[in-house]
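*Asks:* Data: input-v6.txt, compact mmCIF, C-alpha atoms and all ligand atoms.
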# COMPACT_ATOMS: atom_id res chain seq x y z
CA MET A 1 18.00 25.06 -41.87
CA ARG A 2 15.96 25.66 -45.05
CA MET A 3 13.00 28.05 -44.78
CA GLU A 4 10.35 25.38 -45.39
CA ASP A 5 11.97 23.13 -42.74
CA LYS A 6 11.84 26.03 -40.29
CA LYS A 7 8.18 26.60 -41.07
CA LYS A 8 7.50 22.88 -40.68
CA GLY A 9 9.26 22.96 -37.29
CA ARG A 10 7.07 25.86 -36.15
CA ARG A 11 3.89 24.07 -37.30
CA ASN A 12 4.93 20.94 -35.41
CA MET A 13 5.59 23.03 -32.30
CA GLU A 14 2.03 24.27 -32.35
CA ASN A 15 0.73 20.71 -32.59
CA LEU A 16 2.93 19.15 -29.94
CA ASP A 17 0.02 18.37 -27.66
CA LEU A 18 -2.17 16.92 -30.39
CA HIS A 19 -1.65 13.26 -29.56
CA PHE A 20 -1.19 13.46 -25.80
CA ILE A 21 -3.98 12.94 -23.29
CA HIS A 22 -4.01 16.42 -21.88
CA THR A 23 -2.85 15.88 -18.29
CA TYR A 24 -0.10 18.51 -18.29
CA ASN A 25 0.23 22.13 -19.40
CA ARG A 26 3.60 22.13 -21.12
CA SER A 27 5.34 24.79 -23.14
CA VAL A 28 9.03 23.91 -23.40
CA THR A 29 10.79 20.99 -25.09
CA PHE A 30 14.16 20.14 -23.58
CA VAL A 31 16.64 18.38 -25.80
CA ARG A 32 19.88 18.17 -23.79
CA GLY A 33 21.31 18.46 -20.33
CA GLU A 34 24.76 19.77 -19.38
CA ASP A 35 26.01 19.77 -15.80
CA VAL A 36 23.05 21.41 -13.97
CA TYR A 37 21.63 23.13 -17.04
CA LEU A 38 18.92 22.10 -19.50
CA ILE A 39 18.90 23.25 -23.11
CA ASP A 40 15.66 23.59 -25.06
CA ASP A 41 14.98 23.00 -28.76
CA GLN A 42 15.63 26.67 -29.48
CA GLY A 43 19.08 26.49 -27.87
CA LYS A 44 18.10 28.43 -24.73
CA ARG A 45 19.87 27.37 -21.49
CA TYR A 46 18.08 27.00 -18.17
CA LEU A 47 19.59 26.57 -14.72
CA ASP A 48 17.73 23.57 -13.34
CA MET A 49 16.58 23.99 -9.74
CA GLY A 50 13.96 21.25 -10.13
CA ALA A 51 16.01 18.23 -11.28
CA GLY A 52 13.01 16.70 -13.07
CA ILE A 53 11.08 16.83 -9.75
CA ALA A 54 13.88 15.75 -7.42
CA VAL A 55 15.17 13.05 -9.77
CA SER A 56 18.41 14.06 -11.52
CA ALA A 57 20.54 14.18 -8.38
CA LEU A 58 23.81 13.75 -10.27
CA GLY A 59 23.00 16.45 -12.81
CA TYR A 60 23.29 15.74 -16.51
CA SER A 61 26.99 15.17 -17.12
CA ASN A 62 28.06 12.46 -14.70
CA LYS A 63 30.40 10.36 -16.79
CA ARG A 64 30.55 7.30 -14.54
CA PHE A 65 26.72 7.15 -14.46
CA LYS A 66 26.36 7.43 -18.23
CA ASP A 67 29.23 5.03 -19.01
CA GLY A 68 27.79 2.46 -16.60
CA LEU A 69 24.45 2.63 -18.38
CA LYS A 70 26.04 2.37 -21.81
CA ARG A 71 27.97 -0.75 -20.75
CA GLN A 72 24.77 -2.26 -19.37
CA VAL A 73 22.89 -1.57 -22.61
CA ASP A 74 25.55 -3.59 -24.40
CA ASP A 75 25.57 -6.41 -21.83
CA LEU A 76 21.92 -6.98 -20.96
CA ILE A 77 18.85 -4.75 -20.70
CA HIS A 78 16.17 -7.15 -19.51
CA VAL A 79 15.70 -10.71 -18.28
CA SER A 80 12.48 -10.67 -16.16
CA ASN A 81 12.22 -11.55 -12.50
CA LEU A 82 12.18 -15.27 -13.22
CA TYR A 83 15.97 -15.02 -12.94
CA PHE A 84 18.55 -13.15 -10.88
CA ASN A 85 20.58 -10.43 -12.54
CA GLN A 86 23.88 -9.09 -11.28
CA PRO A 87 23.04 -5.36 -11.10
CA ALA A 88 19.90 -6.15 -9.09
CA ILE A 89 21.82 -8.27 -6.58
CA LYS A 90 24.31 -5.43 -6.07
CA ALA A 91 21.63 -2.71 -6.02
CA SER A 92 19.58 -4.57 -3.39
CA LYS A 93 22.66 -4.74 -1.16
CA TYR A 94 23.44 -1.04 -1.62
CA LEU A 95 19.86 0.01 -0.90
CA SER A 96 19.56 -2.26 2.14
CA GLU A 97 22.82 -1.00 3.61
CA ALA A 98 22.00 2.67 2.98
CA SER A 99 18.48 2.43 4.40
CA GLY A 100 18.84 -0.04 7.28
CA MET A 101 16.10 -2.18 5.68
CA ASP A 102 16.73 -5.91 5.28
CA ARG A 103 15.04 -6.68 1.98
CA VAL A 104 14.14 -4.79 -1.17
CA PHE A 105 11.63 -5.13 -4.02
CA PHE A 106 12.37 -3.04 -7.12
CA THR A 107 9.54 -1.34 -9.00
CA ASN A 108 9.36 0.96 -12.04
CA SER A 109 8.06 4.08 -10.30
CA GLY A 110 7.23 5.68 -7.00
CA THR A 111 3.55 4.96 -7.18
CA GLU A 112 4.24 1.25 -7.67
CA ALA A 113 6.56 1.30 -4.67
CA ILE A 114 3.63 2.64 -2.62
CA GLU A 115 1.35 -0.11 -3.94
CA GLY A 116 3.87 -2.71 -2.80
CA ALA A 117 4.34 -1.08 0.61
CA LEU A 118 0.57 -1.04 1.22
CA LYS A 119 0.25 -4.66 0.13
CA LEU A 120 3.09 -5.66 2.44
CA ALA A 121 1.49 -3.93 5.45
CA ARG A 122 -1.80 -5.66 4.70
CA LYS A 123 -0.18 -9.06 4.19
CA TYR A 124 1.64 -8.77 7.53
CA ALA A 125 -1.65 -7.96 9.27
CA TYR A 126 -3.45 -10.75 7.41
CA LEU A 127 -0.94 -13.34 8.61
CA LYS A 128 -1.56 -12.22 12.19
CA ASN A 129 -5.34 -12.20 11.69
CA PRO A 130 -6.99 -13.22 8.40
CA ASN A 131 -10.05 -11.17 9.39
CA SER A 132 -8.02 -7.97 9.82
CA GLY A 133 -9.69 -4.99 8.19
CA GLY A 134 -6.41 -3.82 6.64
CA GLU A 135 -7.06 -0.18 7.53
CA ILE A 136 -4.44 2.42 6.69
CA ILE A 137 -3.94 5.82 8.27
CA ALA A 138 -2.52 8.45 5.91
CA MET A 139 -2.01 12.20 6.22
CA ASN A 140 -3.90 15.19 4.91
CA HIS A 141 -1.95 17.04 2.18
CA SER A 142 0.19 13.97 1.51
CA PHE A 143 1.12 12.87 -1.99
CA HIS A 144 1.92 9.24 -2.73
CA GLY A 145 1.18 8.81 -6.45
CA ARG A 146 -1.54 8.33 -9.02
CA SER A 147 -2.26 4.60 -9.15
CA MET A 148 -5.35 3.44 -7.27
CA GLY A 149 -3.71 2.38 -3.99
CA ALA A 150 -1.33 5.33 -3.87
CA LEU A 151 -4.15 7.71 -4.78
CA SER A 152 -6.27 6.23 -1.99
CA VAL A 153 -3.69 7.35 0.60
CA THR A 154 -3.06 10.74 -1.04
CA GLY A 155 -4.47 13.44 1.20
CA THR A 156 -5.80 15.84 -1.42
CA GLU A 157 -9.48 15.33 -2.05
CA HIS A 158 -9.64 16.79 -5.54
CA TYR A 159 -7.04 14.27 -6.75
CA ARG A 160 -9.10 11.39 -5.35
CA THR A 161 -12.77 12.26 -5.83
CA PRO A 162 -13.12 11.79 -9.62
CA PHE A 163 -11.61 8.32 -9.38
CA GLU A 164 -13.65 6.85 -6.55
CA PRO A 165 -14.32 4.20 -5.45
CA LEU A 166 -10.70 3.82 -4.36
CA ILE A 167 -9.32 1.18 -2.01
CA GLY A 168 -11.28 1.18 1.22
CA GLY A 169 -10.20 1.43 4.82
CA VAL A 170 -8.16 4.63 4.54
CA SER A 171 -8.51 7.51 6.99
CA PHE A 172 -6.62 10.78 7.13
CA ALA A 173 -4.89 12.42 10.09
CA GLU A 174 -3.20 15.81 10.36
CA TYR A 175 0.53 15.80 9.63
CA ASN A 176 2.61 16.71 12.68
CA ASP A 177 -0.39 16.18 14.97
CA LEU A 178 0.17 12.94 16.85
CA GLU A 179 -3.15 12.96 18.66
CA SER A 180 -5.02 13.11 15.36
CA VAL A 181 -3.20 9.91 14.33
CA GLU A 182 -3.79 8.15 17.62
CA ARG A 183 -7.51 8.89 17.46
CA LEU A 184 -7.80 6.99 14.15
CA ILE A 185 -6.15 3.75 15.29
CA THR A 186 -8.56 0.83 15.53
CA PRO A 187 -8.00 -2.92 15.98
CA ASP A 188 -8.21 -3.13 12.17
CA THR A 189 -5.37 -0.65 11.50
CA CYS A 190 -2.45 -2.30 9.73
CA GLY A 191 -0.24 0.65 8.93
CA ILE A 192 0.47 4.37 9.07
CA ILE A 193 1.91 5.97 5.95
CA LEU A 194 3.55 9.37 5.73
CA GLU A 195 6.24 11.30 3.93
CA THR A 196 9.19 12.14 6.18
CA VAL A 197 9.11 15.55 4.53
CA GLN A 198 5.80 16.35 2.84
CA GLY A 199 6.82 17.38 -0.68
CA GLU A 200 3.90 18.17 -2.98
CA GLY A 201 1.91 19.27 0.07
CA GLY A 202 4.21 22.27 0.55
CA ILE A 203 7.64 21.13 1.92
CA TYR A 204 6.78 20.38 5.53
CA PRO A 205 9.38 18.34 7.43
CA ALA A 206 8.00 16.06 10.14
CA SER A 207 8.69 17.28 13.64
CA GLU A 208 10.91 15.04 15.73
CA GLU A 209 8.13 14.56 18.27
CA PHE A 210 5.73 13.48 15.52
CA ILE A 211 8.02 10.95 13.83
CA LYS A 212 9.08 9.44 17.14
CA GLY A 213 5.46 9.42 18.31
CA VAL A 214 4.30 7.58 15.17
CA ARG A 215 7.13 5.09 15.67
CA SER A 216 6.00 4.30 19.18
CA LEU A 217 2.31 4.10 18.19
CA CYS A 218 3.25 1.55 15.52
CA ASP A 219 5.33 -0.41 18.04
CA SER A 220 2.63 -0.52 20.65
CA HIS A 221 -0.13 -1.48 18.17
CA HIS A 222 2.09 -3.88 16.15
CA ILE A 223 1.36 -2.09 12.89
CA ALA A 224 3.61 -1.00 10.05
CA MET A 225 5.26 2.40 10.01
CA ILE A 226 5.61 3.20 6.31
CA LEU A 227 7.77 6.16 5.36
CA ASP A 228 7.49 7.49 1.83
CA GLU A 229 11.01 8.66 0.94
CA ILE A 230 10.36 8.91 -2.77
CA GLN A 231 11.01 12.65 -2.90
CA CYS A 232 12.93 13.36 0.31
CA GLY A 233 15.15 10.27 0.26
CA MET A 234 18.30 9.34 -1.66
CA GLY A 235 20.46 12.09 -0.26
CA ARG A 236 18.14 15.01 -0.79
CA THR A 237 18.19 16.14 2.84
CA GLY A 238 21.87 15.34 3.48
CA THR A 239 21.42 11.76 4.72
CA TYR A 240 20.56 8.82 2.50
CA PHE A 241 17.05 8.81 3.93
CA ALA A 242 15.37 11.67 5.75
CA TYR A 243 14.32 9.47 8.72
CA GLN A 244 18.02 9.11 9.51
CA HIS A 245 17.89 12.66 10.90
CA TYR A 246 15.50 11.45 13.60
CA GLY A 247 17.29 8.34 14.83
CA ILE A 248 14.37 6.02 14.10
CA LEU A 249 13.94 3.09 11.75
CA PRO A 250 10.61 2.62 9.96
CA ASP A 251 9.29 -0.85 9.12
CA ILE A 252 8.73 -0.23 5.42
CA ILE A 253 10.08 2.51 3.15
CA THR A 254 9.48 3.56 -0.43
CA SER A 255 12.06 5.08 -2.75
CA ALA A 256 12.16 6.19 -6.41
CA LYS A 257 13.07 9.49 -8.16
CA ALA A 258 16.81 9.98 -7.42
CA LEU A 259 17.25 6.24 -6.88
CA GLY A 260 17.84 5.90 -10.63
CA CYS A 261 18.66 9.52 -11.41
CA GLY A 262 16.33 9.48 -14.41
CA VAL A 263 16.23 5.80 -15.28
CA PRO A 264 12.76 4.74 -14.13
CA VAL A 265 13.18 2.69 -10.97
CA GLY A 266 11.60 2.62 -7.53
CA ALA A 267 11.63 0.27 -4.60
CA PHE A 268 9.91 -0.68 -1.43
CA ALA A 269 12.03 -2.15 1.30
CA ALA A 270 11.32 -3.53 4.74
CA VAL A 271 12.85 -4.86 7.90
CA GLU A 272 12.88 -8.66 8.06
CA LYS A 273 9.87 -8.98 10.35
CA PHE A 274 7.65 -7.36 7.70
CA ALA A 275 9.56 -8.41 4.58
CA LYS A 276 9.09 -12.09 5.30
CA ALA A 277 5.31 -11.69 5.16
CA MET A 278 5.55 -11.76 1.36
CA VAL A 279 6.21 -15.07 -0.33
CA PRO A 280 6.38 -16.17 -3.99
CA GLY A 281 3.09 -15.40 -5.70
CA ASP A 282 2.24 -12.40 -3.49
CA HIS A 283 3.73 -9.71 -5.70
CA GLY A 284 5.57 -9.32 -8.97
CA THR A 285 6.51 -7.15 -11.91
CA THR A 286 7.83 -7.78 -15.41
CA TYR A 287 10.23 -4.84 -15.67
CA GLY A 288 10.86 -3.94 -12.02
CA GLY A 289 14.50 -4.41 -11.06
CA ASN A 290 15.71 -5.19 -14.55
CA PRO A 291 19.47 -5.03 -15.22
CA LEU A 292 19.41 -1.58 -16.82
CA ALA A 293 17.37 0.03 -14.03
CA CYS A 294 19.46 -1.64 -11.36
CA GLN A 295 22.71 -0.66 -13.04
CA ALA A 296 21.47 2.92 -12.69
CA VAL A 297 20.87 2.32 -8.97
CA CYS A 298 24.37 0.87 -8.56
CA GLN A 299 25.97 3.77 -10.39
CA VAL A 300 24.05 6.27 -8.26
CA PHE A 301 25.16 4.68 -4.98
CA GLU A 302 28.76 4.40 -6.16
CA ALA A 303 28.79 8.03 -7.34
CA PHE A 304 27.29 9.14 -4.01
CA GLU A 305 30.10 7.42 -2.13
CA GLU A 306 32.96 8.43 -4.43
CA GLU A 307 31.86 12.03 -4.71
CA ASP A 308 30.77 12.36 -1.07
CA ILE A 309 27.42 13.71 -2.18
CA LEU A 310 25.86 13.64 1.29
CA SER A 311 28.40 16.09 2.77
CA HIS A 312 28.01 18.28 -0.27
CA VAL A 313 24.21 18.35 0.17
CA LYS A 314 24.59 19.45 3.80
CA GLU A 315 26.90 22.27 2.76
CA MET A 316 24.88 23.39 -0.24
CA GLY A 317 21.59 23.00 1.61
CA ASN A 318 22.80 25.43 4.26
CA TYR A 319 24.10 27.79 1.61
CA LEU A 320 20.86 27.79 -0.38
CA ARG A 321 18.77 28.18 2.76
CA GLU A 322 20.87 31.13 3.91
CA LYS A 323 20.47 32.81 0.52
CA LEU A 324 16.70 32.22 0.46
CA SER A 325 16.40 33.56 4.00
CA GLY A 326 18.30 36.62 2.78
CA LEU A 327 15.72 37.02 0.01
CA GLN A 328 12.96 36.68 2.57
CA ARG A 329 14.50 39.44 4.68
CA ARG A 330 14.65 41.63 1.60
CA PHE A 331 11.09 40.83 0.44
CA PRO A 332 9.20 39.96 3.65
CA GLU A 333 5.89 41.03 2.13
CA ILE A 334 6.31 38.47 -0.72
CA ILE A 335 8.15 35.55 0.93
CA THR A 336 6.41 34.67 4.17
CA GLU A 337 8.43 31.57 5.12
CA VAL A 338 11.43 29.51 4.03
CA ARG A 339 11.35 25.87 5.14
CA GLY A 340 12.56 22.39 4.27
CA LYS A 341 15.59 20.21 4.76
CA GLY A 342 18.89 19.97 2.85
CA LEU A 343 18.28 20.60 -0.83
CA LEU A 344 14.50 20.27 -0.60
CA LEU A 345 13.46 23.81 0.21
CA GLY A 346 10.26 25.78 -0.17
CA MET A 347 9.38 29.44 -0.02
CA GLU A 348 5.81 30.22 1.00
CA MET A 349 4.73 33.12 -1.21
CA ALA A 350 2.22 35.90 -0.79
CA CYS A 351 1.95 36.20 -4.60
CA PRO A 352 0.96 33.33 -6.94
CA ASN A 353 3.76 30.74 -6.96
CA ALA A 354 3.01 29.71 -10.58
CA ASP A 355 3.54 33.31 -11.68
CA ILE A 356 7.03 33.34 -10.12
CA ALA A 357 7.86 29.98 -11.69
CA SER A 358 6.79 31.11 -15.16
CA LYS A 359 8.72 34.40 -14.90
CA ALA A 360 11.74 32.34 -13.84
CA MET A 361 11.36 30.11 -16.92
CA GLU A 362 11.40 33.20 -19.14
CA ARG A 363 14.70 34.14 -17.52
CA GLY A 364 16.23 30.67 -17.87
CA LEU A 365 15.60 29.33 -14.38
CA VAL A 366 13.62 26.12 -13.76
CA LEU A 367 11.71 26.17 -10.47
CA LEU A 368 9.04 23.87 -9.06
CA THR A 369 5.88 24.78 -7.24
CA ALA A 370 4.20 22.90 -4.39
CA GLY A 371 0.95 22.96 -2.45
CA GLY A 372 -0.19 25.89 -0.44
CA ASN A 373 1.52 28.61 -2.39
CA VAL A 374 5.07 27.39 -2.38
CA VAL A 375 7.99 27.88 -4.76
CA ARG A 376 9.95 24.66 -4.37
CA MET A 377 13.62 24.02 -5.05
CA ALA A 378 14.93 20.49 -5.46
CA PRO A 379 18.05 21.00 -7.59
CA PRO A 380 20.57 18.40 -8.69
CA LEU A 381 22.52 17.50 -5.54
CA VAL A 382 25.75 18.43 -7.31
CA ILE A 383 24.96 22.14 -7.59
CA GLN A 384 27.73 24.56 -6.64
CA PRO A 385 27.61 27.93 -4.86
CA GLU A 386 27.75 29.79 -8.18
CA HIS A 387 24.57 28.05 -9.34
CA VAL A 388 22.79 29.02 -6.13
CA ASP A 389 23.99 32.60 -6.59
CA GLN A 390 22.70 32.62 -10.16
CA ALA A 391 19.29 31.25 -9.14
CA VAL A 392 18.97 33.71 -6.28
CA SER A 393 19.94 36.68 -8.40
CA ILE A 394 17.30 35.77 -11.03
CA LEU A 395 14.71 35.41 -8.26
CA GLU A 396 15.77 38.72 -6.77
CA GLU A 397 15.25 40.42 -10.13
CA ILE A 398 11.76 38.88 -10.42
CA LEU A 399 10.75 39.78 -6.88
CA ALA A 400 11.99 43.35 -7.25
CA GLN A 401 9.61 43.77 -10.19
CA GLN A 402 6.57 42.30 -8.43
CA PRO A 403 3.74 44.84 -8.16
C1 LIG A 501 6.41 11.62 -1.92
C2 LIG A 501 6.02 11.01 -3.23
N1 LIG A 501 5.51 9.78 -3.26
C3 LIG A 501 5.16 9.18 -4.41
C4 LIG A 501 5.30 9.82 -5.61
C5 LIG A 501 4.91 9.12 -6.89
O1 LIG A 501 6.04 8.77 -7.60
P1 LIG A 501 5.95 8.49 -9.19
O2 LIG A 501 5.57 9.78 -9.84
O3 LIG A 501 7.31 7.97 -9.56
O4 LIG A 501 4.90 7.44 -9.38
C6 LIG A 501 5.81 11.12 -5.64
C7 LIG A 501 5.94 11.86 -6.91
O5 LIG A 501 6.02 13.05 -6.97
C8 LIG A 501 6.18 11.73 -4.42
O6 LIG A 501 6.68 12.98 -4.38
Would you mind writing the structure in this file as structure tokens?
Ligand SMILES: Cc1ncc(COP(=O)(O)O)c(C=O)c1O

*Replies:*
Amino acid sequence: MRMEDKKKGRRNMENLDLHFIHTYNRSVTFVRGEDVYLIDDQGKRYLDMGAGIAVSALGYSNKRFKDGLKRQVDDLIHVSNLYFNQPAIKASKYLSEASGMDRVFFTNSGTEAIEGALKLARKYAYLKNPNSGGEIIAMNHSFHGRSMGALSVTGTEHYRTPFEPLIGGVSFAEYNDLESVERLITPDTCGIILETVQGEGGIYPASEEFIKGVRSLCDSHHIAMILDEIQCGMGRTGTYFAYQHYGILPDIITSAKALGCGVPVGAFAAVEKFAKAMVPGDHGTTYGGNPLACQAVCQVFEAFEEEDILSHVKEMGNYLREKLSGLQRRFPEIITEVRGKGLLLGMEMACPNADIASKAMERGLVLLTAGGNVVRMAPPLVIQPEHVDQAVSILEEILAQQP
């Protein structure tokens, strides 16, 4: 590279944020992915224990996934929802079969999947009683997205307050506290929404008693049980969907993130009783479920089956958890708890989590943070023991140097 080009590159680096609305504090530009590593524009390699926030489940070098997308780009990228497309037909079957839901609606993101799920719960209640208040019960410390409906059911006040008025009729219960949910149910309640494992809120899995209790409350009040599986679903906990650990079936689910492994796609899906509440004209999207996005979904499901990803997640989840528990035993004054499910694990820290994450970045390790004071790990589901060992040894080095 010529000297003036280098200088120009440096100047551009300094101005990277110039034309963005400043909603993120970013410092690194990634240019390539290889296996479970990311490479930045300076050529530095990072072990990725975040997977683009629980998205890139297959890592960055899955040939079948990439080849499938390339073929689809050549065949057909978009047709609109005025027509069927073959990848969407196949993807809807795969998602229905994997989730136990009967019908699927594809969206472009997680937050849009939540919007659809909320609309479906309200439409079901409206058909039973057009004067229904359409009230929703959500959980404190939940995270469901940034669009108005999803934000309205997100249980963190400082995310919501600047954007009020949001959609009405939402009340918040305590996660894993069934009585607090029951107290909020009124004749106008149409649904209860929760994450099966709270992600952004700090990696809290639902207790069995809680999930089963919410299921039976929804049954007895004839309201929708909506499980947000956007972060904890699609194999992350060792089953396709996290509720499959509890032996219950929700009425409506949302999915996104790993559903397309990086190609933007989400979905809400429902059992027939609820799904049939929506009819033509009730909901729609221009891009949602287009051939390219749905080809990604098909490739993901086929890779999961061929590569037996779910068994691998169980094995690697146990391995990572064991290693993190080992770290906790070594640094009990810094790591106060290790919790989570499968390959969605969090360490509650006694020192600032962001400080650990930024020291890890310096050493070539990508970590996530989560609410409370949690260092979160949601790596590609294809990680191997040597990657876990590498991540843990970098963490060990950082923790040993903590004041
Ligand atoms: C549980 C959960 N729900 C919804 C969302 C929103 O998804 P998206 O960012 O694709 O809109 C997220 C994103 O982090 C999430 O973790």

*Asks:* Residues within 8 Å of ligand LIG 501 (chain A) should be enumerated using all atoms listed in the file and returned as a PyMOL selection string.

*Replies:* chain A and resi 53+108-114+142-147+150+195+198-200+228-232+254+256-257+264+266

*Asks:* Mind giving me the straight-line distance from CA of Glu209 in chain A to CA of Glu322 in chain A in Å, one decimal?

*Replies:*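 That distance, rounded to one decimal, is 25.4 Å.
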
*Asks:* Extract, using only C-alpha atoms, all DNA, RNA and protein residues at most 7 Å from Ala125 in chain A, discarding same-chain residues fewer than 6 positions from it, and format them as a VMD selection string.

*Replies:* chain A and resid 132 134 190

*Asks:* Could you please determine the separation between CA of His141 in chain A and CA of Leu327 in chain A in Å, to one decimal place?

*Replies:*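 CA of Leu327 in chain A lies at a distance of 26.8 Å from CA of His141 in chain A.
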
*Asks:* Identify, on the basis of only C-alpha atoms, every residue whose closest approach to Leu310 in chain A does not exceed 9 Å; exclude the query and any residue fewer than 2 positions from it along the same chain; express the result as a ChimeraX atom specification.

*Replies:* /A:235-240,304-305,307-308,312-315,381

*Asks:* Would you compute the distance between CA of Ile223 in chain A and CA of Ser99 in chain A? Give it in Å to one decimal.

*Replies:* 19.6 Å

*Asks:* Kindly extract all protein, DNA and RNA residues lying within 10 Å of the coordinates (20.1, -0.8, -18.7) given in the file, considering only C-alpha atoms, and supply them as JSON, numbers by chain.

*Replies:* {"A": [68, 69, 70, 71, 72, 73, 74, 75, 76, 77, 78, 87, 263, 290, 291, 292, 293, 294, 295, 296]}

*Asks:* Could those selected residues go to a file with C-alpha atoms, as a PDB file, in the coordinates of the input?

*Replies:*
ATOM      1  CA  GLY A  68      27.790   2.460 -16.600  1.00  0.00           C
ATOM      2  CA  LEU A  69      24.450   2.630 -18.380  1.00  0.00           C
ATOM      3  CA  LYS A  70      26.040   2.370 -21.810  1.00  0.00           C
ATOM      4  CA  ARG A  71      27.970  -0.750 -20.750  1.00  0.00           C
ATOM      5  CA  GLN A  72      24.770  -2.260 -19.370  1.00  0.00           C
ATOM      6  CA  VAL A  73      22.890  -1.570 -22.610  1.00  0.00           C
ATOM      7  CA  ASP A  74      25.550  -3.590 -24.400  1.00  0.00           C
ATOM      8  CA  ASP A  75      25.570  -6.410 -21.830  1.00  0.00           C
ATOM      9  CA  LEU A  76      21.920  -6.980 -20.960  1.00  0.00           C
ATOM     10  CA  ILE A  77      18.850  -4.750 -20.700  1.00  0.00           C
ATOM     11  CA  HIS A  78      16.170  -7.150 -19.510  1.00  0.00           C
ATOM     12  CA  PRO A  87      23.040  -5.360 -11.100  1.00  0.00           C
ATOM     13  CA  VAL A 263      16.230   5.800 -15.280  1.00  0.00           C
ATOM     14  CA  ASN A 290      15.710  -5.190 -14.550  1.00  0.00           C
ATOM     15  CA  PRO A 291      19.470  -5.030 -15.220  1.00  0.00           C
ATOM     16  CA  LEU A 292      19.410  -1.580 -16.820  1.00  0.00           C
ATOM     17  CA  ALA A 293      17.370   0.030 -14.030  1.00  0.00           C
ATOM     18  CA  CYS A 294      19.460  -1.640 -11.360  1.00  0.00           C
ATOM     19  CA  GLN A 295      22.710  -0.660 -13.040  1.00  0.00           C
ATOM     20  CA  ALA A 296      21.470   2.920 -12.690  1.00  0.00           C
TER      21      ALA A 296
END

*Asks:* Skipping near chain neighbours, those fewer than 5 positions away, what residues fall within 9 Å of range 203-206 of chain A using all atoms listed in the file, listed as a list in words?

*Replies:* Tyr175, Asn176, Glu195, Thr196, Val197, Gln198, Ile211, Arg339, Gly340, Lys341, Leu344, Leu345, Gly346, Met347, Ala370, Gly371, Val374 and Arg376 of chain A

*Asks:* Please produce a file of those selected residues containing C-alpha atoms, as a PDB file, in the frame of the given file.

*Replies:*
ATOM      1  CA  TYR A 175       0.530  15.800   9.630  1.00  0.00           C
ATOM      2  CA  ASN A 176       2.610  16.710  12.680  1.00  0.00           C
ATOM      3  CA  GLU A 195       6.240  11.300   3.930  1.00  0.00           C
ATOM      4  CA  THR A 196       9.190  12.140   6.180  1.00  0.00           C
ATOM      5  CA  VAL A 197       9.110  15.550   4.530  1.00  0.00           C
ATOM      6  CA  GLN A 198       5.800  16.350   2.840  1.00  0.00           C
ATOM      7  CA  ILE A 211       8.020  10.950  13.830  1.00  0.00           C
ATOM      8  CA  ARG A 339      11.350  25.870   5.140  1.00  0.00           C
ATOM      9  CA  GLY A 340      12.560  22.390   4.270  1.00  0.00           C
ATOM     10  CA  LYS A 341      15.590  20.210   4.760  1.00  0.00           C
ATOM     11  CA  LEU A 344      14.500  20.270  -0.600  1.00  0.00           C
ATOM     12  CA  LEU A 345      13.460  23.810   0.210  1.00  0.00           C
ATOM     13  CA  GLY A 346      10.260  25.780  -0.170  1.00  0.00           C
ATOM     14  CA  MET A 347       9.380  29.440  -0.020  1.00  0.00           C
ATOM     15  CA  ALA A 370       4.200  22.900  -4.390  1.00  0.00           C
ATOM     16  CA  GLY A 371       0.950  22.960  -2.450  1.00  0.00           C
ATOM     17  CA  VAL A 374       5.070  27.390  -2.380  1.00  0.00           C
ATOM     18  CA  ARG A 376       9.950  24.660  -4.370  1.00  0.00           C
TER      19      ARG A 376
END

*Asks:* Hey, what's within 8 Å of range 62-67 of chain A if we count only C-alpha atoms and toss same-chain stuff fewer than 6 positions away? As a list in words, please?

*Replies:* Asp35, Ala296, Gln299, Val300 and Ala303 of chain A

*Asks:* With all atoms listed in the file as the atoms that count, which of A:Val388, A:Ala117, A:Met316, A:Leu38 lies nearest to Ala51 in chain A?

*Replies:* A:Leu38

*Asks:* Rank nothing, just name the residue among A:Ala98, A:Cys261, A:Met361, A:Met377 nearest to Ser56 in chain A, using all atoms listed in the file.

*Replies:*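 Looking only at the distances to Ser56 in chain A, the closest residue turns out to be A:Cys261.
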
*Asks:* Please determine, counting only C-alpha atoms, which residue among A:Gly100, A:Thr29, A:Asn373, A:Gly202 has the shortest atom-to-atom distance to Gly247 in chain A.

*Replies:* A:Gly100

*Asks:* Which of these, A:Gly213, A:Gly289, A:Gly116, A:Pro385, has the shortest distance to Ile253 in chain A once you count only C-alpha atoms?

*Replies:*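 Of all the options, A:Gly116 lies closest to Ile253 in chain A.
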
*Asks:* With distances taken over only C-alpha atoms, which residue among A:Leu368, A:Ile137, A:Val265, A:Met148 lies nearest Ile185 in chain A?

*Replies:* A:Ile137
